[in-house]
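Asker: Structure supplied as work-v5.cif; contents: mmCIF, C-alpha atoms.
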data_model
#
loop_
_atom_site.label_atom_id
_atom_site.label_comp_id
_atom_site.auth_asym_id
_atom_site.auth_seq_id
_atom_site.Cartn_x
_atom_site.Cartn_y
_atom_site.Cartn_z
CA MET A 455 126.53 54.13 49.04
CA SER A 456 124.83 50.77 48.42
CA GLU A 457 124.21 49.56 44.90
CA ALA A 458 120.49 50.12 45.31
CA ASP A 459 121.19 53.70 46.32
CA GLN A 460 123.53 54.07 43.33
CA GLN A 461 120.80 52.95 40.94
CA ASP A 462 118.36 55.31 42.64
CA GLU A 463 120.87 58.12 42.03
CA GLU A 464 120.52 57.75 38.29
CA GLY A 465 116.76 58.46 38.33
CA GLY A 466 115.99 56.17 35.39
CA GLY A 467 115.68 58.88 32.71
CA VAL A 468 112.43 60.47 33.91
CA VAL A 469 112.51 64.28 33.87
CA LYS A 470 110.10 66.02 36.21
CA LYS A 471 109.53 69.67 36.97
CA PHE A 472 110.77 70.31 40.50
CA MET A 473 110.12 73.66 42.13
CA PHE A 474 111.69 74.55 45.45
CA VAL A 475 109.71 77.25 47.23
CA ASN A 476 111.56 79.54 49.61
CA ARG A 477 109.44 81.70 51.90
CA LYS A 478 111.73 82.08 54.89
CA ALA A 479 114.56 84.47 55.64
CA PRO A 480 118.13 83.19 56.06
CA TYR A 481 119.89 82.65 59.42
CA GLY A 482 116.81 82.96 61.66
CA THR A 483 116.01 79.35 60.84
CA ILE A 484 117.86 76.57 59.00
CA TYR A 485 115.34 76.15 56.19
CA ALA A 486 117.11 78.42 53.70
CA LEU A 487 120.45 76.63 54.13
CA GLU A 488 119.16 73.06 54.22
CA GLY A 489 116.73 73.87 51.41
CA LEU A 490 119.66 74.93 49.27
CA GLU A 491 121.37 71.62 50.00
CA VAL A 492 118.43 69.76 48.44
CA VAL A 493 118.56 72.03 45.39
CA LEU A 494 122.27 71.31 44.91
CA ILE A 495 121.70 67.54 45.17
CA SER A 496 118.84 67.74 42.67
CA ALA A 497 121.32 68.99 40.08
CA ALA A 498 122.80 65.49 39.94
CA PHE A 499 119.48 64.04 38.78
CA ASP A 500 119.05 66.06 35.56
CA GLN A 501 115.59 67.25 36.51
CA ASP A 502 113.88 70.46 35.42
CA VAL A 503 114.63 72.49 38.54
CA SER A 504 113.47 75.96 39.47
CA LEU A 505 113.51 78.00 42.65
CA ALA A 506 110.78 80.38 43.74
CA PHE A 507 111.36 83.12 46.29
CA VAL A 508 108.19 84.39 47.93
CA ASP A 509 107.53 86.46 51.08
CA ASP A 510 110.64 86.52 53.32
CA GLY A 511 112.35 84.04 51.00
CA VAL A 512 113.49 87.01 48.92
CA TYR A 513 115.77 88.03 51.80
CA GLN A 514 117.89 84.95 51.06
CA LEU A 515 119.12 86.72 47.92
CA VAL A 516 120.11 90.05 49.41
CA LYS A 517 123.68 91.19 48.59
CA GLY A 518 126.32 91.82 51.18
CA GLN A 519 125.54 89.17 53.78
CA GLN A 520 128.33 89.23 56.35
CA THR A 521 128.04 86.67 59.12
CA LYS A 522 131.22 87.16 61.17
CA GLY A 523 129.31 88.72 64.02
CA ILE A 524 126.82 85.87 64.39
CA GLU A 525 129.65 83.34 63.92
CA ALA A 526 127.66 81.29 61.42
CA LYS A 527 128.52 80.26 57.89
CA ASN A 528 127.64 82.70 55.14
CA PHE A 529 126.06 80.39 52.61
CA SER A 530 124.82 83.09 50.20
CA PRO A 531 127.67 82.45 47.68
CA ALA A 532 125.95 79.12 46.98
CA TYR A 533 123.16 80.98 45.13
CA ARG A 534 125.77 82.25 42.67
CA ALA A 535 127.16 78.72 42.29
CA LEU A 536 123.77 77.37 41.14
CA GLU A 537 124.41 78.51 37.59
CA GLY A 538 127.44 76.20 37.44
CA TYR A 539 125.06 73.32 38.21
CA ASP A 540 122.72 74.33 35.37
CA ILE A 541 120.17 75.64 37.84
CA GLU A 542 119.30 78.98 36.35
CA LYS A 543 115.59 79.38 36.90
CA LEU A 544 115.31 81.61 39.93
CA TYR A 545 111.92 83.28 40.18
CA VAL A 546 111.26 86.12 42.57
CA GLU A 547 107.77 87.34 43.35
CA ARG A 548 107.78 91.02 42.43
CA GLU A 549 105.20 91.92 45.10
CA ALA A 550 107.38 90.31 47.80
CA LEU A 551 110.40 92.35 46.79
CA GLU A 552 108.49 95.62 46.63
CA ALA A 553 106.73 94.98 49.94
CA ARG A 554 110.18 94.79 51.53
CA GLY A 555 111.55 97.93 49.92
CA LEU A 556 113.91 95.90 47.76
CA ALA A 557 114.77 96.09 44.09
CA GLU A 558 116.45 93.71 41.64
CA GLU A 559 119.80 95.50 42.06
CA ASP A 560 119.78 94.58 45.76
CA LEU A 561 120.01 90.89 44.87
CA LEU A 562 123.20 88.88 44.58
CA VAL A 563 122.17 86.84 41.51
CA ASP A 564 120.24 87.32 38.30
CA VAL A 565 116.63 86.42 38.82
CA GLN A 566 113.40 86.56 36.90
CA LEU A 567 110.77 88.76 38.49
CA MET A 568 107.23 87.50 38.28
CA SER A 569 103.85 88.68 39.39
CA SER A 570 101.96 86.56 41.93
CA ALA A 571 99.62 85.39 39.18
CA GLU A 572 102.47 84.37 36.87
CA LEU A 573 104.30 82.56 39.66
CA GLY A 574 101.09 80.84 40.71
CA GLU A 575 100.61 79.54 37.17
CA LEU A 576 104.15 78.22 37.14
CA MET A 577 103.64 76.47 40.47
CA ALA A 578 100.47 74.82 39.23
CA ALA A 579 102.42 73.38 36.30
CA GLN A 580 105.06 71.63 38.42
CA ASP A 581 105.27 67.90 39.08
CA VAL A 582 106.88 68.25 42.49
CA VAL A 583 106.77 71.30 44.74
CA ILE A 584 108.91 71.26 47.86
CA GLY A 585 108.69 73.98 50.51
CA PHE A 586 110.85 73.94 53.60
CA MET B 415 98.73 56.07 43.84
CA LYS B 416 102.40 56.01 44.79
CA PHE B 417 103.24 58.61 47.43
CA GLY B 418 106.48 60.11 48.64
CA ILE B 419 106.26 61.74 52.07
CA LEU B 420 108.61 64.41 53.43
CA VAL B 421 108.70 65.08 57.18
CA ASN B 422 110.51 68.27 58.09
CA GLU B 423 110.01 68.42 61.85
CA GLY B 424 110.78 66.29 64.87
CA PRO B 425 108.32 64.44 67.11
CA TYR B 426 106.07 66.31 69.54
CA THR B 427 107.32 69.87 69.07
CA HIS B 428 105.37 70.17 65.82
CA GLU B 429 102.30 68.30 64.63
CA ALA B 430 104.04 67.56 61.33
CA SER B 431 105.14 64.05 62.25
CA ASP B 432 101.64 63.19 63.50
CA SER B 433 99.97 64.51 60.37
CA ALA B 434 102.49 62.68 58.18
CA TYR B 435 101.98 59.42 60.06
CA LEU B 436 98.17 59.63 60.00
CA PHE B 437 98.17 60.50 56.29
CA THR B 438 100.61 57.70 55.51
CA ARG B 439 98.59 55.17 57.50
CA ALA B 440 95.35 56.26 55.83
CA ALA B 441 96.94 55.94 52.40
CA LEU B 442 98.22 52.44 53.17
CA GLU B 443 94.85 51.36 54.59
CA LYS B 444 93.25 52.52 51.34
CA GLY B 445 95.64 50.32 49.37
CA HIS B 446 97.95 53.04 48.08
CA GLN B 447 101.71 52.65 47.98
CA ILE B 448 104.17 54.67 50.00
CA TYR B 449 107.39 54.82 48.02
CA ARG B 450 109.37 56.38 50.85
CA VAL B 451 109.03 58.56 53.94
CA PHE B 452 111.98 60.95 54.05
CA PHE B 453 112.96 62.77 57.22
CA TYR B 454 114.76 66.11 56.84
CA HIS B 455 115.70 69.09 59.05
CA ASP B 456 114.63 68.25 62.62
CA GLY B 457 112.54 65.45 61.14
CA VAL B 458 115.58 63.22 61.65
CA ASN B 459 114.71 63.17 65.36
CA ASN B 460 111.74 60.93 64.56
CA ALA B 461 114.27 58.09 64.29
CA ASN B 462 115.68 58.42 67.80
CA LYS B 463 115.12 55.15 69.67
CA TYR B 464 115.87 56.81 73.02
CA THR B 465 112.72 58.91 73.12
CA GLU B 466 110.63 58.23 76.24
CA PRO B 467 107.33 60.04 76.03
CA PRO B 468 104.79 59.70 78.88
CA GLN B 469 102.98 56.34 78.84
CA ASP B 470 99.53 57.83 78.32
CA ASP B 471 100.36 59.52 75.02
CA ARG B 472 101.26 58.28 71.56
CA HIS B 473 104.78 56.98 71.02
CA ILE B 474 105.68 58.69 67.76
CA VAL B 475 108.96 56.90 67.10
CA ASN B 476 107.59 53.43 67.84
CA ARG B 477 104.52 53.86 65.71
CA TRP B 478 106.66 54.78 62.69
CA THR B 479 108.64 51.59 63.39
CA LYS B 480 105.39 49.56 63.59
CA LEU B 481 104.06 51.07 60.37
CA ALA B 482 107.33 50.29 58.62
CA GLU B 483 107.14 46.69 59.83
CA GLN B 484 103.48 46.20 59.02
CA TYR B 485 103.59 47.67 55.50
CA GLU B 486 107.32 47.52 54.62
CA VAL B 487 107.59 51.30 54.39
CA ASP B 488 111.03 52.73 53.62
CA LEU B 489 111.85 55.27 56.35
CA VAL B 490 114.90 57.30 55.38
CA VAL B 491 116.74 59.82 57.53
CA CYS B 492 118.91 62.36 55.73
CA VAL B 493 122.58 61.81 56.55
CA ALA B 494 123.59 65.49 56.43
CA ALA B 495 120.69 66.65 58.61
CA ALA B 496 121.25 63.71 60.95
CA LEU B 497 124.95 64.43 61.42
CA ARG B 498 124.19 68.04 62.18
CA ARG B 499 121.84 66.91 64.94
CA GLY B 500 123.86 64.01 66.31
CA ILE B 501 121.60 61.28 64.99
CA LYS B 502 123.78 58.28 64.18
CA ASP B 503 123.23 54.64 63.24
CA GLU B 504 123.50 53.46 66.83
CA LEU B 505 120.55 55.70 67.80
CA LEU B 506 118.19 54.59 65.04
CA ALA B 507 114.93 52.94 65.96
CA PRO B 508 114.12 49.79 63.97
CA GLY B 509 112.80 50.43 60.49
CA PHE B 510 114.77 53.62 59.92
CA ARG B 511 117.91 53.93 57.79
CA ILE B 512 120.27 56.81 57.13
CA SER B 513 120.93 57.81 53.53
CA GLY B 514 121.62 60.77 51.26
CA LEU B 515 119.43 63.67 50.16
CA GLY B 516 119.34 62.03 46.75
CA GLN B 517 116.78 59.64 48.22
CA LEU B 518 114.37 62.57 48.62
CA VAL B 519 114.86 63.72 45.04
CA GLU B 520 114.45 60.13 43.91
CA ALA B 521 111.17 59.86 45.85
CA GLY B 522 109.97 62.93 43.97
CA ILE B 523 110.93 61.34 40.66
CA GLN B 524 109.57 57.83 41.31
CA GLY B 525 106.48 58.81 43.31
CA GLU B 526 103.33 60.21 41.75
CA ARG B 527 102.72 62.70 44.54
CA LEU B 528 105.10 64.15 47.13
CA VAL B 529 103.33 65.38 50.26
CA VAL B 530 105.32 67.63 52.58
CA PHE B 531 104.71 68.01 56.33
CA GLY B 532 106.56 70.70 58.20
CA ASP B 533 106.46 73.93 60.10
CA MET C 1490 96.97 71.70 42.74
CA LEU C 1491 96.13 70.72 46.31
CA HIS C 1492 97.29 73.54 48.56
CA ILE C 1493 97.88 72.57 52.17
CA VAL C 1494 98.04 75.21 54.90
CA ASN C 1495 98.89 74.16 58.44
CA LYS C 1496 99.29 77.44 60.32
CA SER C 1497 96.82 79.81 61.92
CA PRO C 1498 96.29 83.04 59.94
CA TYR C 1499 97.06 84.93 63.14
CA GLU C 1500 100.46 83.27 63.49
CA ARG C 1501 101.78 83.13 59.93
CA ASN C 1502 101.13 84.57 56.50
CA ALA C 1503 101.08 81.13 54.86
CA LEU C 1504 97.35 81.25 54.09
CA GLU C 1505 97.64 84.77 52.70
CA ALA C 1506 100.54 83.76 50.44
CA CYS C 1507 98.67 80.65 49.34
CA LEU C 1508 95.52 82.55 48.41
CA ARG C 1509 97.59 85.11 46.54
CA LEU C 1510 99.22 82.44 44.37
CA ALA C 1511 96.60 79.69 44.10
CA ARG C 1512 94.99 79.44 40.69
CA PRO C 1513 91.24 78.97 40.07
CA GLY C 1514 90.23 75.33 40.07
CA SER C 1515 92.72 74.31 42.73
CA ALA C 1516 91.81 72.97 46.15
CA LEU C 1517 92.83 74.22 49.58
CA LEU C 1518 93.04 71.93 52.60
CA LEU C 1519 93.44 73.41 56.06
CA ILE C 1520 95.16 71.12 58.56
CA GLU C 1521 96.75 71.40 62.03
CA ASP C 1522 96.57 75.00 63.28
CA GLY C 1523 95.46 76.03 59.79
CA VAL C 1524 91.94 74.85 60.63
CA TYR C 1525 91.34 78.01 62.68
CA ALA C 1526 91.07 79.84 59.35
CA ALA C 1527 87.97 77.73 58.68
CA THR C 1528 86.11 79.03 61.74
CA ARG C 1529 83.44 81.76 61.72
CA GLY C 1530 84.61 85.21 62.73
CA ASN C 1531 88.32 84.61 62.25
CA VAL C 1532 90.54 87.22 60.61
CA ALA C 1533 90.80 85.23 57.37
CA GLU C 1534 87.07 84.61 56.95
CA ALA C 1535 86.50 87.33 54.35
CA SER C 1536 89.46 86.37 52.17
CA LEU C 1537 88.56 82.71 52.48
CA ARG C 1538 84.98 83.40 51.38
CA ASP C 1539 86.35 85.35 48.40
CA ALA C 1540 88.67 82.51 47.56
CA MET C 1541 85.79 80.01 47.71
CA ALA C 1542 84.47 81.55 44.50
CA ARG C 1543 87.48 80.19 42.62
CA LEU C 1544 88.76 77.25 44.65
CA LYS C 1545 87.27 74.50 46.78
CA VAL C 1546 88.14 74.74 50.47
CA TYR C 1547 88.41 71.77 52.84
CA ALA C 1548 89.37 71.41 56.47
CA LEU C 1549 90.63 68.35 58.33
CA ARG C 1550 87.91 67.28 60.77
CA PRO C 1551 90.22 65.55 63.29
CA ASP C 1552 92.24 68.77 63.68
CA LEU C 1553 89.05 70.85 64.15
CA GLU C 1554 87.73 68.37 66.73
CA ALA C 1555 91.05 68.32 68.59
CA ARG C 1556 90.78 72.08 68.97
CA GLY C 1557 87.11 72.06 69.98
CA VAL C 1558 86.05 74.18 66.99
CA ALA C 1559 84.38 71.68 64.66
CA ALA C 1560 80.96 73.29 65.23
CA ARG C 1561 82.19 76.71 64.12
CA VAL C 1562 83.08 75.98 60.53
CA ILE C 1563 82.26 78.51 57.82
CA ASP C 1564 79.44 77.37 55.49
CA GLY C 1565 80.72 75.85 52.32
CA ILE C 1566 83.93 74.46 53.74
CA GLU C 1567 83.88 70.68 53.41
CA LEU C 1568 85.26 68.57 56.26
CA VAL C 1569 87.40 65.54 55.50
CA ASP C 1570 89.23 62.95 57.54
CA TYR C 1571 92.71 61.57 56.73
CA GLY C 1572 91.22 59.23 54.14
CA GLY C 1573 89.63 62.25 52.49
CA PHE C 1574 93.00 64.04 52.65
CA VAL C 1575 94.51 61.12 50.75
CA ASP C 1576 91.69 61.29 48.19
CA LEU C 1577 92.29 65.01 47.69
CA ALA C 1578 95.98 64.40 47.05
CA CYS C 1579 95.04 61.78 44.46
CA GLY C 1580 92.41 63.97 42.84
CA GLN C 1581 94.73 66.90 42.12
CA PRO C 1582 97.74 66.52 39.79
CA ASN C 1583 100.18 67.92 42.36
CA CYS C 1584 100.34 69.39 45.85
CA GLN C 1585 102.08 72.13 47.74
CA SER C 1586 102.45 72.62 51.48
CA TRP C 1587 102.72 76.26 52.50
CA LEU C 1588 105.18 76.07 55.38
#
Can the structure in the file be given as structure tokens, please?
Answerer:
Amino acid sequence: MSEADQQDEEGGGVVKKFMFVNRKAPYGTIYALEGLEVVLISAAFDQDVSLAFVDDGVYQLVKGQQTKGIEAKNFSPAYRALEGYDIEKLYVEREALEARGLAEEDLLVDVQLMSSAELGELMAAQDVVIGF
Amino acid sequence: MKFGILVNEGPYTHEASDSAYLFTRAALEKGHQIYRVFFYHDGVNNANKYTEPPQDDRHIVNRWTKLAEQYEVDLVVCVAAALRRGIKDELLAPGFRISGLGQLVEAGIQGERLVVFGD
Amino acid sequence: MLHIVNKSPYERNALEACLRLARPGSALLLIEDGVYAATRGNVAEASLRDAMARLKVYALRPDLEARGVAARVIDGIELVDYGGFVDLACGQPNCQSWL
């Protein structure tokens, strides 16, 4: 990494609210996996990071993913590792879960359920919102 | 205004790169600053100097290069996404550089607005 | 917040999700295939008209013209060009693309 990149890495002390919005299911496309890679990198910058799971994004958190048959990497353990990086704000849209016949106990990590209105308010309050 | 731009898709298959380019150019023409354009997911393919689109249509890769030259825009291709897709230094069109995902987070921190173009 | 939707309401649920979560006072800009939602008689017309009571809706003129539907825009939707898109991004404190 160049020195300029190294300085960039430190972020200069500014703390912004970053929300990563996940609306796509895992494995069918790469967005869930590569999205998670951004989240993990953001941990190094000491920003105020949260993740929102809306629509099919909630499927990323379903327990018991077993990818041997599709011969692809099972990256779902990474959601459990987020806590170790101080990324603990995982918000799931309640309506999205219910619309898919899912409940909190079907998920592989602790999350905070929110109504669409509550989640919308939270989104509006962010500095940076990144969807994949 | 200082903008960060995120381009999530490659040239031609999605309109994302076009929309990002036209937004970026409009912002620069209005006198705004572009802190960085970051290319992620298939967006890394926007840096491929070997693209050869038909002559009668826009050359997406070259016009990013021209914009970078004209306005000194920082065009960054994510190293992890690039490696996955076989985009390496020797393939890069002028004006593009490969760097880490941290550059995207940094663009979010240093920019005043981050505008995302994707699928 | 400036909400940006780039997909047709027939193809994706991005517009639906956006309208469900967008707060009053925000702005919605339809770009790329999202501009079809701005045309009269489309499946999203009713929900868009409802939404117009609480947020301002815009559509990107170049994308409408490209698709030959610029003359079919729902009343009340304001057309902007890329310069206008830039202005909208400046005028709202943040933005979100519904991909």
Asker: Name the residues that the PyMOL selection byres ((chain C) within 9 of (chain B)) pulls out of this structure, and write them as a ChimeraX atom specification.
Answerer: /C:1493,1495-1496,1520-1522,1571-1576,1578-1579,1582-1588
Asker: Can you spit out the residues from that selection as a compact mmCIF listing (two decimals), in the frame of the given file, using C-alpha atoms?
Answerer:
# COMPACT_ATOMS: atom_id res chain seq x y z
CA ILE C 1493 97.88 72.57 52.17
CA ASN C 1495 98.89 74.16 58.44
CA LYS C 1496 99.29 77.44 60.32
CA ILE C 1520 95.16 71.12 58.56
CA GLU C 1521 96.75 71.40 62.03
CA ASP C 1522 96.57 75.00 63.28
CA TYR C 1571 92.71 61.57 56.73
CA GLY C 1572 91.22 59.23 54.14
CA GLY C 1573 89.63 62.25 52.49
CA PHE C 1574 93.00 64.04 52.65
CA VAL C 1575 94.51 61.12 50.75
CA ASP C 1576 91.69 61.29 48.19
CA ALA C 1578 95.98 64.40 47.05
CA CYS C 1579 95.04 61.78 44.46
CA PRO C 1582 97.74 66.52 39.79
CA ASN C 1583 100.18 67.92 42.36
CA CYS C 1584 100.34 69.39 45.85
CA GLN C 1585 102.08 72.13 47.74
CA SER C 1586 102.45 72.62 51.48
CA TRP C 1587 102.72 76.26 52.50
CA LEU C 1588 105.18 76.07 55.38
Asker: For Glu537 in chain A, which residue out of A:Val503, A:Leu551, A:Phe586, A:Leu573 is the nearest one, using only C-alpha atoms?
Answerer: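 Of all the options, A:Val503 lies closest to Glu537 in chain A.
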Asker: Quick one: residues within 10 Å of Gly1565 in chain C, all atoms listed in the file counted, chain neighbours fewer than 5 positions away excluded, as an MDAnalysis selection string?
Answerer: chainID C and resid 1527 1538 1541 1545:1547
Asker: Define the interface residues of chain C facing chain A as those within 6 Å, counting only C-alpha atoms, and report them as a PyMOL selection string.
Answerer: chain C and resi 1490+1510-1511+1585
Asker: Residues picked by the PyMOL selection byres ((chain A) within 8 of (chain B)) here, as an MDAnalysis selection string?
Answerer: chainID A and resid 459 462:463 465 468:470 484:485 488 492 495:496 499 581:586
Asker: Please indicate the distance in Å from CA of Leu505 in chain B to CA of Thr465 in chain B, rounded to one decimal place.
Answerer: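 Answer for the CA of Leu505 in chain B to CA of Thr465 in chain B separation: 10.0 Å.
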Asker: Would you mind listing what lies within 10 Å of Arg1561 in chain C as an MDAnalysis selection string, with all atoms listed in the file counted and same-chain residues fewer than 6 positions away left out?
Answerer: chainID C and resid 1525 1527:1530 1553
Asker: Would you list the contacts of Val490 in chain B as a PyMOL selection string, taking every protein, DNA or RNA residue within 7 Å and counting only C-alpha atoms, but skipping same-chain residues closer than 5 positions in sequence?
Answerer: chain B and resi 451-453+510-513
Asker: Just to confirm, what's the straight-line distance from CA of Ser504 in chain A to CA of Leu562 in chain A in Å (one decimal)?
Answerer: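 That distance, rounded to one decimal, is 17.0 Å.
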Asker: Report as an MDAnalysis selection string the full result of the PyMOL selection byres ((chain A and resi 534) around 12) when it is applied to this structure.
Answerer: chainID A and resid 490 494 514:517 529:533 535:542 544 561:565
Asker: Which of these, B:Arg450, B:Lys463, B:Arg472, B:Arg477, has the shortest distance to Asp503 in chain B once you count only C-alpha atoms?
Answerer: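 When distances to Asp503 in chain B are compared using only C-alpha atoms, the smallest one comes from B:Lys463.
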Asker: With distances taken over all atoms listed in the file, which of A:Glu558, A:Asp510, A:Gly523, A:Gly518 is nearest to Thr483 in chain A?
Answerer: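 Result for the nearest residue to Thr483 in chain A: A:Asp510.
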Asker: Can you list, as a count of residues only, every protein, DNA or RNA residue that comes within 10 Å of Leu506 in chain B when you count all atoms listed in the file, leaving out same-chain residues fewer than 2 positions away?
Answerer: 18
Asker: If you measure from CA of Lys480 in chain B to CA of Leu497 in chain B, what distance in Å do you get, rounded to one decimal?
Answerer: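 The value is 24.7 Å.
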Asker: Nearest residue to Leu1568 in chain C out of C:Val1524, C:Ala1548, C:Leu1518, C:Ala1555, using only C-alpha atoms?
Answerer: C:Ala1548
Asker: So, counting all atoms listed in the file, which residue among C:Pro1498, C:Gly1557, C:Gly1580, C:Gly1514 is closest to Ala1533 in chain C?
Answerer: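 Checking each of C:Pro1498, C:Gly1557, C:Gly1580, C:Gly1514 against Ala1533 in chain C, counting all atoms listed in the file, the winner is C:Pro1498.
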